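> My structure is in model30.cif, and what it holds is mmCIF, C-alpha atoms:
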data_entry
loop_
_atom_site.label_atom_id
_atom_site.label_comp_id
_atom_site.auth_asym_id
_atom_site.auth_seq_id
_atom_site.Cartn_x
_atom_site.Cartn_y
_atom_site.Cartn_z
CA MET D 1 109.13 30.80 -5.60
CA ILE D 2 106.83 33.60 -4.50
CA LEU D 3 108.95 36.61 -3.62
CA GLU D 4 108.22 39.28 -1.08
CA ILE D 5 106.90 42.48 -2.63
CA LEU D 6 108.84 45.34 -1.09
CA LYS D 7 107.06 48.38 0.25
CA TYR D 8 108.16 51.97 0.05
CA PRO D 9 110.53 53.32 1.52
CA HIS D 10 112.67 50.29 0.66
CA PRO D 11 115.72 51.70 -1.20
CA SER D 12 115.34 49.20 -4.05
CA LEU D 13 112.20 51.06 -5.12
CA LYS D 14 114.04 54.36 -5.49
CA ALA D 15 117.12 53.12 -7.32
CA LYS D 16 117.59 53.19 -11.07
CA ALA D 17 117.64 49.53 -12.13
CA GLU D 18 120.59 48.00 -14.00
CA LYS D 19 120.38 46.81 -17.57
CA VAL D 20 120.29 43.01 -17.91
CA ARG D 21 123.53 41.97 -19.68
CA ALA D 22 122.81 38.31 -20.37
CA LEU D 23 120.10 35.74 -19.92
CA ASP D 24 121.86 33.76 -17.22
CA ASP D 25 120.39 31.35 -14.66
CA GLU D 26 119.83 34.12 -12.18
CA VAL D 27 117.74 36.14 -14.62
CA ILE D 28 115.78 33.06 -15.74
CA ARG D 29 114.99 32.23 -12.12
CA LEU D 30 114.05 35.84 -11.42
CA ILE D 31 111.60 35.83 -14.34
CA ASP D 32 109.98 32.57 -13.17
CA ASP D 33 109.69 33.91 -9.64
CA MET D 34 108.29 37.24 -10.82
CA VAL D 35 105.56 35.49 -12.82
CA GLU D 36 104.70 33.31 -9.84
CA THR D 37 104.69 36.33 -7.54
CA LEU D 38 102.56 38.34 -9.96
CA TYR D 39 99.92 35.61 -10.16
CA ALA D 40 99.89 35.26 -6.40
CA SER D 41 99.28 39.00 -6.01
CA PRO D 42 96.16 41.06 -6.69
CA GLY D 43 98.07 43.15 -9.26
CA VAL D 44 98.47 43.01 -13.03
CA GLY D 45 102.10 44.10 -13.23
CA LEU D 46 105.39 43.69 -11.42
CA ALA D 47 108.86 45.18 -11.84
CA ALA D 48 112.05 43.47 -10.61
CA PRO D 49 112.94 46.28 -8.16
CA GLN D 50 109.65 45.56 -6.36
CA VAL D 51 111.00 42.13 -5.45
CA GLY D 52 114.45 43.38 -4.51
CA HIS D 53 116.31 42.89 -7.80
CA SER D 54 117.64 46.09 -9.26
CA LEU D 55 117.36 44.80 -12.83
CA ARG D 56 115.38 46.00 -15.83
CA VAL D 57 112.76 43.25 -15.99
CA ILE D 58 109.00 43.67 -15.91
CA ALA D 59 106.08 41.23 -15.99
CA ILE D 60 102.57 42.30 -16.98
CA ASP D 61 99.32 40.47 -17.56
CA VAL D 62 96.24 42.66 -17.87
CA SER D 63 94.08 39.76 -18.96
CA ARG D 64 93.76 39.06 -15.26
CA ASN D 65 90.78 40.60 -13.61
CA SER D 66 91.70 43.99 -12.24
CA GLY D 67 90.16 47.16 -11.02
CA ASN D 68 86.42 47.65 -11.02
CA SER D 69 84.38 44.52 -10.71
CA ASN D 70 81.59 45.85 -12.87
CA ARG D 71 83.64 46.64 -15.94
CA ARG D 72 82.53 45.38 -19.27
CA ALA D 73 84.64 42.87 -21.19
CA LYS D 74 88.24 43.85 -20.72
CA ASP D 75 90.90 44.09 -23.32
CA PRO D 76 93.28 41.24 -22.47
CA GLY D 77 96.13 43.02 -24.26
CA HIS D 78 99.05 40.74 -25.02
CA GLY D 79 98.35 38.39 -22.10
CA LEU D 80 101.46 37.60 -20.09
CA MET D 81 104.29 39.84 -21.16
CA ILE D 82 107.85 39.60 -19.95
CA LEU D 83 110.08 42.43 -21.04
CA ILE D 84 113.79 42.70 -20.37
CA ASN D 85 115.41 46.12 -20.75
CA PRO D 86 112.15 47.69 -21.94
CA ALA D 87 112.03 51.18 -23.39
CA ILE D 88 109.18 53.38 -24.51
CA LEU D 89 109.86 54.39 -28.10
CA TYR D 90 106.74 56.38 -28.72
CA GLN D 91 103.68 57.50 -26.83
CA GLU D 92 100.50 59.37 -27.67
CA GLY D 93 97.21 60.46 -26.20
CA GLU D 94 96.36 61.12 -22.61
CA LYS D 95 94.35 59.20 -20.09
CA MET D 96 93.64 59.77 -16.42
CA VAL D 97 93.73 56.48 -14.57
CA ARG D 98 93.22 55.55 -10.95
CA GLU D 99 96.31 53.54 -10.12
CA GLY D 100 97.25 51.46 -7.15
CA CYS D 101 100.64 49.91 -6.46
CA LEU D 102 101.61 46.78 -4.54
CA SER D 103 104.59 48.66 -3.11
CA LEU D 104 102.37 51.40 -1.73
CA PRO D 105 99.27 49.50 -0.71
CA GLU D 106 96.12 51.05 0.71
CA TYR D 107 96.30 54.06 -1.60
CA THR D 108 95.20 54.79 -5.12
CA ALA D 109 95.78 57.96 -7.08
CA ASN D 110 94.80 59.63 -10.32
CA VAL D 111 97.76 59.56 -12.66
CA LYS D 112 97.96 61.00 -16.13
CA ARG D 113 99.37 58.50 -18.61
CA ALA D 114 99.71 58.15 -22.36
CA ARG D 115 96.85 56.23 -23.94
CA ARG D 116 99.00 54.35 -26.44
CA VAL D 117 102.67 53.38 -26.29
CA VAL D 118 105.16 51.57 -28.48
CA VAL D 119 107.78 49.71 -26.46
CA ASN D 120 110.68 47.50 -27.29
CA GLY D 121 112.93 45.20 -25.34
CA LEU D 122 113.78 41.54 -25.14
CA ASP D 123 111.39 38.71 -24.42
CA ARG D 124 112.11 35.89 -21.96
CA ASN D 125 114.02 34.00 -24.67
CA TRP D 126 116.22 37.02 -25.33
CA ASN D 127 114.54 37.75 -28.66
CA PRO D 128 114.04 41.42 -29.53
CA VAL D 129 110.41 42.50 -29.49
CA GLU D 130 108.56 45.66 -30.35
CA LEU D 131 104.91 46.04 -29.54
CA THR D 132 102.11 48.55 -29.52
CA SER D 133 99.89 48.69 -26.51
CA LYS D 134 96.89 50.76 -25.51
CA ASP D 135 94.64 51.59 -22.57
CA PHE D 136 95.09 49.44 -19.46
CA GLU D 137 98.10 47.57 -20.73
CA ALA D 138 99.76 50.79 -21.88
CA VAL D 139 99.21 52.23 -18.39
CA ALA D 140 100.69 49.10 -16.81
CA LEU D 141 103.77 49.36 -19.06
CA GLN D 142 104.33 52.99 -18.11
CA HIS D 143 103.86 52.23 -14.41
CA GLU D 144 106.29 49.28 -14.45
CA ILE D 145 108.91 51.06 -16.57
CA ASP D 146 108.70 53.93 -14.06
CA HIS D 147 109.66 51.41 -11.36
CA LEU D 148 112.88 50.69 -13.30
CA GLU D 149 113.70 54.39 -13.03
CA GLY D 150 112.91 54.45 -9.33
CA ILE D 151 109.73 56.46 -9.86
CA LEU D 152 106.57 55.69 -7.92
CA PHE D 153 103.08 56.57 -9.17
CA ILE D 154 102.65 58.87 -6.19
CA GLU D 155 105.36 61.09 -7.67
CA ARG D 156 103.21 61.63 -10.75
CA VAL D 157 100.25 62.85 -8.76
CA GLY D 158 99.21 66.47 -9.20
CA SER D 159 97.40 67.03 -5.94
CA LEU D 160 97.30 65.00 -2.76
CA LYS D 161 93.93 66.55 -2.02
CA THR D 162 92.11 65.75 -5.21
CA ASP D 163 94.13 62.90 -6.70
CA LEU D 164 95.08 60.63 -3.83
CA PHE D 165 92.64 58.18 -2.32
CA ARG D 166 92.51 55.51 0.29
CA ARG D 167 92.20 52.35 -1.71
CA LYS D 168 88.51 51.71 -2.17
CA ASP D 169 88.83 48.27 -3.61
CA MET D 170 90.70 46.58 -0.79
CA ASP D 171 91.39 42.90 -1.24
CA MET B 1 100.60 78.89 7.17
CA ALA B 2 104.16 79.15 8.45
CA SER B 3 102.96 80.94 11.59
CA VAL B 4 100.75 77.98 12.46
CA THR B 5 103.22 75.25 11.58
CA LYS B 6 105.95 77.07 13.49
CA VAL B 7 103.91 76.80 16.68
CA LEU B 8 103.24 73.12 16.00
CA TYR B 9 106.90 72.42 15.34
CA GLU B 10 108.05 74.26 18.46
CA SER B 11 105.41 72.43 20.49
CA HIS B 12 106.66 69.06 19.21
CA CYS B 13 103.38 68.31 17.49
CA ASN B 14 103.35 65.95 14.55
CA ILE B 15 101.11 66.80 11.58
CA GLU B 16 99.44 63.54 10.62
CA ASP B 17 97.09 64.86 7.99
CA SER B 18 96.27 68.26 6.59
CA SER B 19 94.30 70.01 3.93
CA MET B 20 94.05 73.67 3.05
CA THR B 21 91.87 75.61 0.72
CA ILE B 22 91.16 79.16 -0.34
CA LEU B 23 87.59 80.09 -1.17
CA LYS B 24 87.21 83.62 -2.58
CA GLY B 25 90.26 84.78 -0.67
CA GLU B 26 89.25 83.12 2.58
CA PHE B 27 91.96 80.79 3.74
CA ALA B 28 91.17 77.69 5.76
CA MET B 29 93.23 74.79 6.93
CA ILE B 30 92.30 71.67 8.84
CA LEU B 31 94.99 69.56 10.46
CA ILE B 32 95.15 66.41 12.49
CA VAL B 33 98.13 66.57 14.81
CA SER B 34 99.45 64.39 17.56
CA ALA B 35 100.74 66.35 20.52
CA PRO B 36 103.02 65.30 23.37
CA GLU B 37 101.17 64.01 26.45
CA SER B 38 102.58 66.86 28.52
CA LEU B 39 100.97 69.53 26.35
CA SER B 40 97.46 70.51 27.32
CA LEU B 41 94.85 71.69 24.87
CA ARG B 42 94.64 75.03 26.66
CA GLU B 43 98.40 75.50 26.54
CA LEU B 44 98.52 74.83 22.82
CA GLN B 45 95.62 77.19 22.23
CA GLU B 46 97.54 79.92 24.07
CA ARG B 47 100.59 79.41 21.91
CA PHE B 48 98.50 80.23 18.86
CA GLN B 49 97.39 83.62 20.21
CA GLU B 50 100.24 85.48 18.56
CA ALA B 51 99.49 83.95 15.14
CA GLU B 52 95.78 84.60 15.56
CA ARG B 53 96.42 88.27 16.33
CA SER B 54 99.00 88.93 13.64
CA PHE B 55 97.18 87.23 10.80
CA GLY B 56 93.54 87.58 11.79
CA LEU B 57 93.12 83.84 12.10
CA PHE B 58 90.57 81.90 14.06
CA ILE B 59 92.16 78.76 15.40
CA PHE B 60 89.93 76.10 16.83
CA LEU B 61 91.37 73.10 18.63
CA LYS B 62 89.53 69.94 19.45
CA GLU B 63 90.72 66.78 21.08
CA LEU B 64 89.92 63.68 19.06
CA GLU B 65 88.72 60.39 20.35
CA GLU B 66 90.78 57.46 19.27
CA ILE B 67 91.20 57.91 15.53
CA GLU B 68 89.85 55.28 13.24
CA ARG B 69 92.97 53.89 11.61
CA VAL B 70 91.63 50.78 9.99
CA PRO B 71 91.05 51.29 6.27
CA ARG B 72 87.38 51.38 5.44
CA LEU B 73 86.05 48.37 3.61
CA SER B 74 84.78 48.75 0.09
CA LEU B 75 81.23 49.95 -0.23
CA GLY B 76 81.01 49.52 -3.96
CA SER B 77 82.36 50.62 -7.29
CA PRO B 78 83.74 54.13 -7.66
CA TYR B 79 82.07 56.52 -10.08
CA MET B 80 82.72 60.12 -11.03
CA LEU B 81 79.63 62.27 -11.28
CA SER B 82 79.56 65.77 -12.68
CA VAL B 83 76.68 68.19 -12.38
CA LEU B 84 76.46 71.30 -14.50
CA GLY B 85 73.75 73.94 -14.64
CA SER B 86 72.79 77.57 -14.18
CA ASP B 87 73.15 78.51 -10.53
CA LYS B 88 69.97 78.01 -8.54
CA PRO B 89 69.16 77.06 -4.97
CA GLY B 90 69.02 73.41 -4.06
CA ILE B 91 71.34 71.75 -6.57
CA VAL B 92 73.68 70.34 -3.94
CA TYR B 93 70.85 69.35 -1.65
CA ARG B 94 68.71 67.66 -4.29
CA VAL B 95 71.55 65.73 -5.88
CA THR B 96 73.06 64.55 -2.60
CA GLN B 97 69.60 63.72 -1.30
CA ALA B 98 68.90 61.60 -4.40
CA LEU B 99 72.18 59.73 -3.91
CA ALA B 100 71.52 59.20 -0.22
CA SER B 101 68.07 57.81 -0.92
CA CYS B 102 69.66 55.24 -3.25
CA GLY B 103 72.09 54.25 -0.49
CA ILE B 104 75.06 55.70 -2.35
CA ASN B 105 78.05 56.97 -0.42
CA ILE B 106 79.72 60.26 -1.41
CA THR B 107 83.48 60.09 -0.94
CA ASP B 108 84.42 63.46 -2.42
CA LEU B 109 82.57 66.61 -3.37
CA ASN B 110 83.72 69.89 -4.85
CA THR B 111 81.64 72.77 -6.09
CA LYS B 112 82.45 75.92 -7.97
CA THR B 113 80.50 78.77 -9.52
CA LEU B 114 81.89 79.77 -12.88
CA GLU B 115 81.19 83.39 -13.73
CA SER B 116 82.29 83.26 -17.33
CA GLY B 117 79.21 84.21 -19.35
CA GLU B 118 76.06 86.15 -18.56
CA VAL B 119 74.62 83.46 -16.36
CA PRO B 120 76.78 81.98 -13.61
CA VAL B 121 77.28 78.27 -14.11
CA TYR B 122 77.28 75.96 -11.16
CA VAL B 123 79.62 72.97 -11.30
CA MET B 124 79.68 70.12 -8.84
CA ILE B 125 81.97 67.12 -9.10
CA LEU B 126 81.41 64.14 -6.88
CA GLU B 127 82.99 60.81 -6.32
CA ILE B 128 80.56 58.19 -5.26
CA GLU B 129 80.57 54.53 -4.38
CA VAL B 130 77.74 52.56 -5.84
CA PRO B 131 77.07 49.48 -3.71
CA PRO B 132 76.53 46.21 -5.55
CA GLU B 133 72.86 46.08 -4.57
CA VAL B 134 72.11 49.40 -6.29
CA SER B 135 71.31 48.94 -9.95
CA PRO B 136 72.96 51.54 -12.16
CA LYS B 137 69.69 51.62 -14.11
CA MET B 138 67.73 52.75 -11.09
CA LEU B 139 70.27 55.46 -10.33
CA ASN B 140 70.14 56.58 -13.94
CA VAL B 141 66.36 56.98 -13.79
CA GLU B 142 66.68 59.01 -10.60
CA LEU B 143 69.38 61.28 -12.06
CA LYS B 144 67.49 61.75 -15.34
CA ARG B 145 64.46 62.88 -13.32
CA LEU B 146 66.61 65.40 -11.45
CA GLU B 147 68.13 66.68 -14.68
CA LYS B 148 64.70 67.52 -16.01
CA GLU B 149 63.34 68.93 -12.79
CA LEU B 150 66.31 71.21 -12.02
CA ASN B 151 67.29 71.84 -15.63
CA ILE B 152 70.84 70.65 -15.04
CA ASP B 153 73.17 68.24 -16.82
CA ILE B 154 74.42 65.22 -14.97
CA THR B 155 76.97 62.80 -16.35
CA TRP B 156 78.50 59.89 -14.54
CA LYS B 157 81.01 57.28 -15.47
CA PRO B 158 82.95 54.52 -13.74
CA ILE B 159 86.42 55.43 -12.54
CA ASN B 160 88.97 53.19 -14.23
CA SER B 161 91.20 51.67 -11.66
CA ILE B 162 94.18 49.42 -12.13
CA LYS B 163 96.18 47.49 -9.55
CA LEU B 164 99.84 47.21 -10.35
#
Kindly return the structure encoded in the file as structure tokens.

Amino acid sequence: MILEILKYPHPSLKAKAEKVRALDDEVIRLIDDMVETLYASPGVGLAAPQVGHSLRVIAIDVSRNSGNSNRRAKDPGHGLMILINPAILYQEGEKMVREGCLSLPEYTANVKRARRVVVNGLDRNWNPVELTSKDFEAVALQHEIDHLEGILFIERVGSLKTDLFRRKDMD
Amino acid sequence: MASVTKVLYESHCNIEDSSMTILKGEFAMILIVSAPESLSLRELQERFQEAERSFGLFIFLKELEEIERVPRLSLGSPYMLSVLGSDKPGIVYRVTQALASCGINITDLNTKTLESGEVPVYVMILEIEVPPEVSPKMLNVELKRLEKELNIDITWKPINSIKL
């Protein structure tokens, strides 16, 4: 089922999400719905709080076309990634990226992110995973994990004057 | 700043958008405010007199036609362009003219003169939208020509954007 993507100032977006305790039917259904919702959206990542579930689940797929249309071959990263209770173990480098968020549509902003991250968590079958990610996918991971903490990309912006933009790539 | 916003607050005006800057100690602020129907432009102007006198401000009010609220449609791919060179007349004009002649839209522009060494260095950073019909090659040729002619360095790169 395609879920509604909540927009700020919905309280779900500002709450710290709960750890998932067990892979029960509710969580399995949530994951299926999040994947469906992600693929029905113009975005490459989704966090459970964005669809009204205050749980630590994220879905990312940067192999989907995103951002500039004239980019050269993109790094597909790990393809579709479901992470339950994800945590960033390590990060390095710095990268300024123009981010947009489905929960704050119409705007994009320059956000400083780590270039490479190592994250762990559980996959959709409740198996522990640890993976290294870089560039676009690493940015997506940081953005979605921020959602689990109730942090929006706009809160990581240095200057509204120089770093915030009306979305230029409207769909 | 507080002297201006105090008047706006007390006049029940809502600040919809604002930007301020300081250039060499000169302060400037531009605001878009919505005012109550009952408040005339002249009345609001009068309420600023005190602030104008005390702080040496010039406050200019202008009534806006219906504000364009619909987000602008995409005009192309965003690029960041930086221009660096020794300060000389015409850098801004020639670069913006070259972009305009290619049909490229400028969405942001900032300039600064850096007085660090013996020769002041002029820096200009622009954000542009390159429409699909403009070939990056053609733009490159144009910019390379300008680099030579004005003895400046121009670099430009696509802005990475990600939808999440």
> Distance cut-off 6 Å, counting only C-alpha atoms - which residues of chain B neighbour chain D? Return them as a PyMOL selection string.
chain B and resi 74+160-164
> Using the chain letters and numbers from this file, what does the PyMOL selection byres ((chain B and resi 51) around 12) select? Give the answer as a VMD selection string.
chain B and resid 1 to 8 44 to 50 52 to 59
> Please list as a list in words every residue within 10 Å of B:Cys102, counting only C-alpha atoms and excluding residues in the same chain fewer than 3 positions away.
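Surrounding residues, per the criterion: Thr96, Gln97, Ala98, Leu99, Asn105, Val130, Pro131, Glu133, Val134, Ser135, Met138, Leu139 and Glu142 of chain B.
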> To test your reading of the syntax: which residues would the PyMOL selection byres ((chain D and resi 149) around 7) return for the file shown? Reply as a list in words.
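Answer for the PyMOL selection byres ((chain D and resi 149) around 7): Ala15, Lys16, Ala17, Ile145, Asp146, His147, Leu148, Gly150 and Ile151 of chain D.
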> Calculate how many Å separate atom CA of B:Ser40 from atom CA of B:Glu65, rounding to one decimal.
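It comes out at 15.1 Å.
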> Run through the PyMOL selection byres ((chain B and resi 95) around 10) on the given coordinates and return the selected residues as an MDAnalysis selection string.
chainID B and resid 83 90:94 96:101 124 142:143 146:147 150 154
> Would you give the centre and edge lengths, in Å to one decimal, of a box along x, y and z around the listed atoms of stretch 110-128 of chain B, with 3 Å added to each side, as JSON?

{"center_x": 79.2, "center_y": 72.2, "center_z": -12.1, "size_x": 15.1, "size_y": 34.0, "size_z": 20.5}
> Smallest atom-to-atom distance to B:Val33: which of B:Thr21, B:Ser77, B:Thr113, B:Asn14, using all atoms listed in the file?
B:Asn14
> For a test of reading the model, state the distance in Å between atom CA of B:Lys24 and atom CA of B:Asn151, rounded to one decimal.
26.6 Å
> Counting only C-alpha atoms, select every polymer residue within 10 Å of (81.7, 62.4, -7.9) as defined in the file's coordinates, and provide the selection as an MDAnalysis selection string.
chainID B and resid 78:83 105:110 124:129 155:159
> Quick one: residues within 9 Å of D:Ala114, all atoms listed in the file, excluding same-chain residues fewer than 3 positions away - as a list in words?
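So the residues in contact are Gln91, Glu92, Gly93, Glu94, Lys95, Met96, Val117, Lys134, Asp135, Ala138, Val139 and Gln142 of chain D.
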> Quick one: write out the picked residues with C-alpha atoms as a CSV table (one decimal), keeping the file's coordinate frame?

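What follows is the written file out.csv:
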chain,number,residue,atom,x,y,z
D,91,GLN,CA,103.7,57.5,-26.8
D,92,GLU,CA,100.5,59.4,-27.7
D,93,GLY,CA,97.2,60.5,-26.2
D,94,GLU,CA,96.4,61.1,-22.6
D,95,LYS,CA,94.4,59.2,-20.1
D,96,MET,CA,93.6,59.8,-16.4
D,117,VAL,CA,102.7,53.4,-26.3
D,134,LYS,CA,96.9,50.8,-25.5
D,135,ASP,CA,94.6,51.6,-22.6
D,138,ALA,CA,99.8,50.8,-21.9
D,139,VAL,CA,99.2,52.2,-18.4
D,142,GLN,CA,104.3,53.0,-18.1
> Excluding same-chain residues fewer than 5 positions from D:Glu130, what lies within 9 Å of it counting only C-alpha atoms, as a VMD selection string?
chain D and resid 118 to 122
> Between atom CA of B:Asp153 and atom CA of B:Glu118, what is the distance in Å, rounded to a tenth?
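These atoms are spaced 18.2 Å apart.
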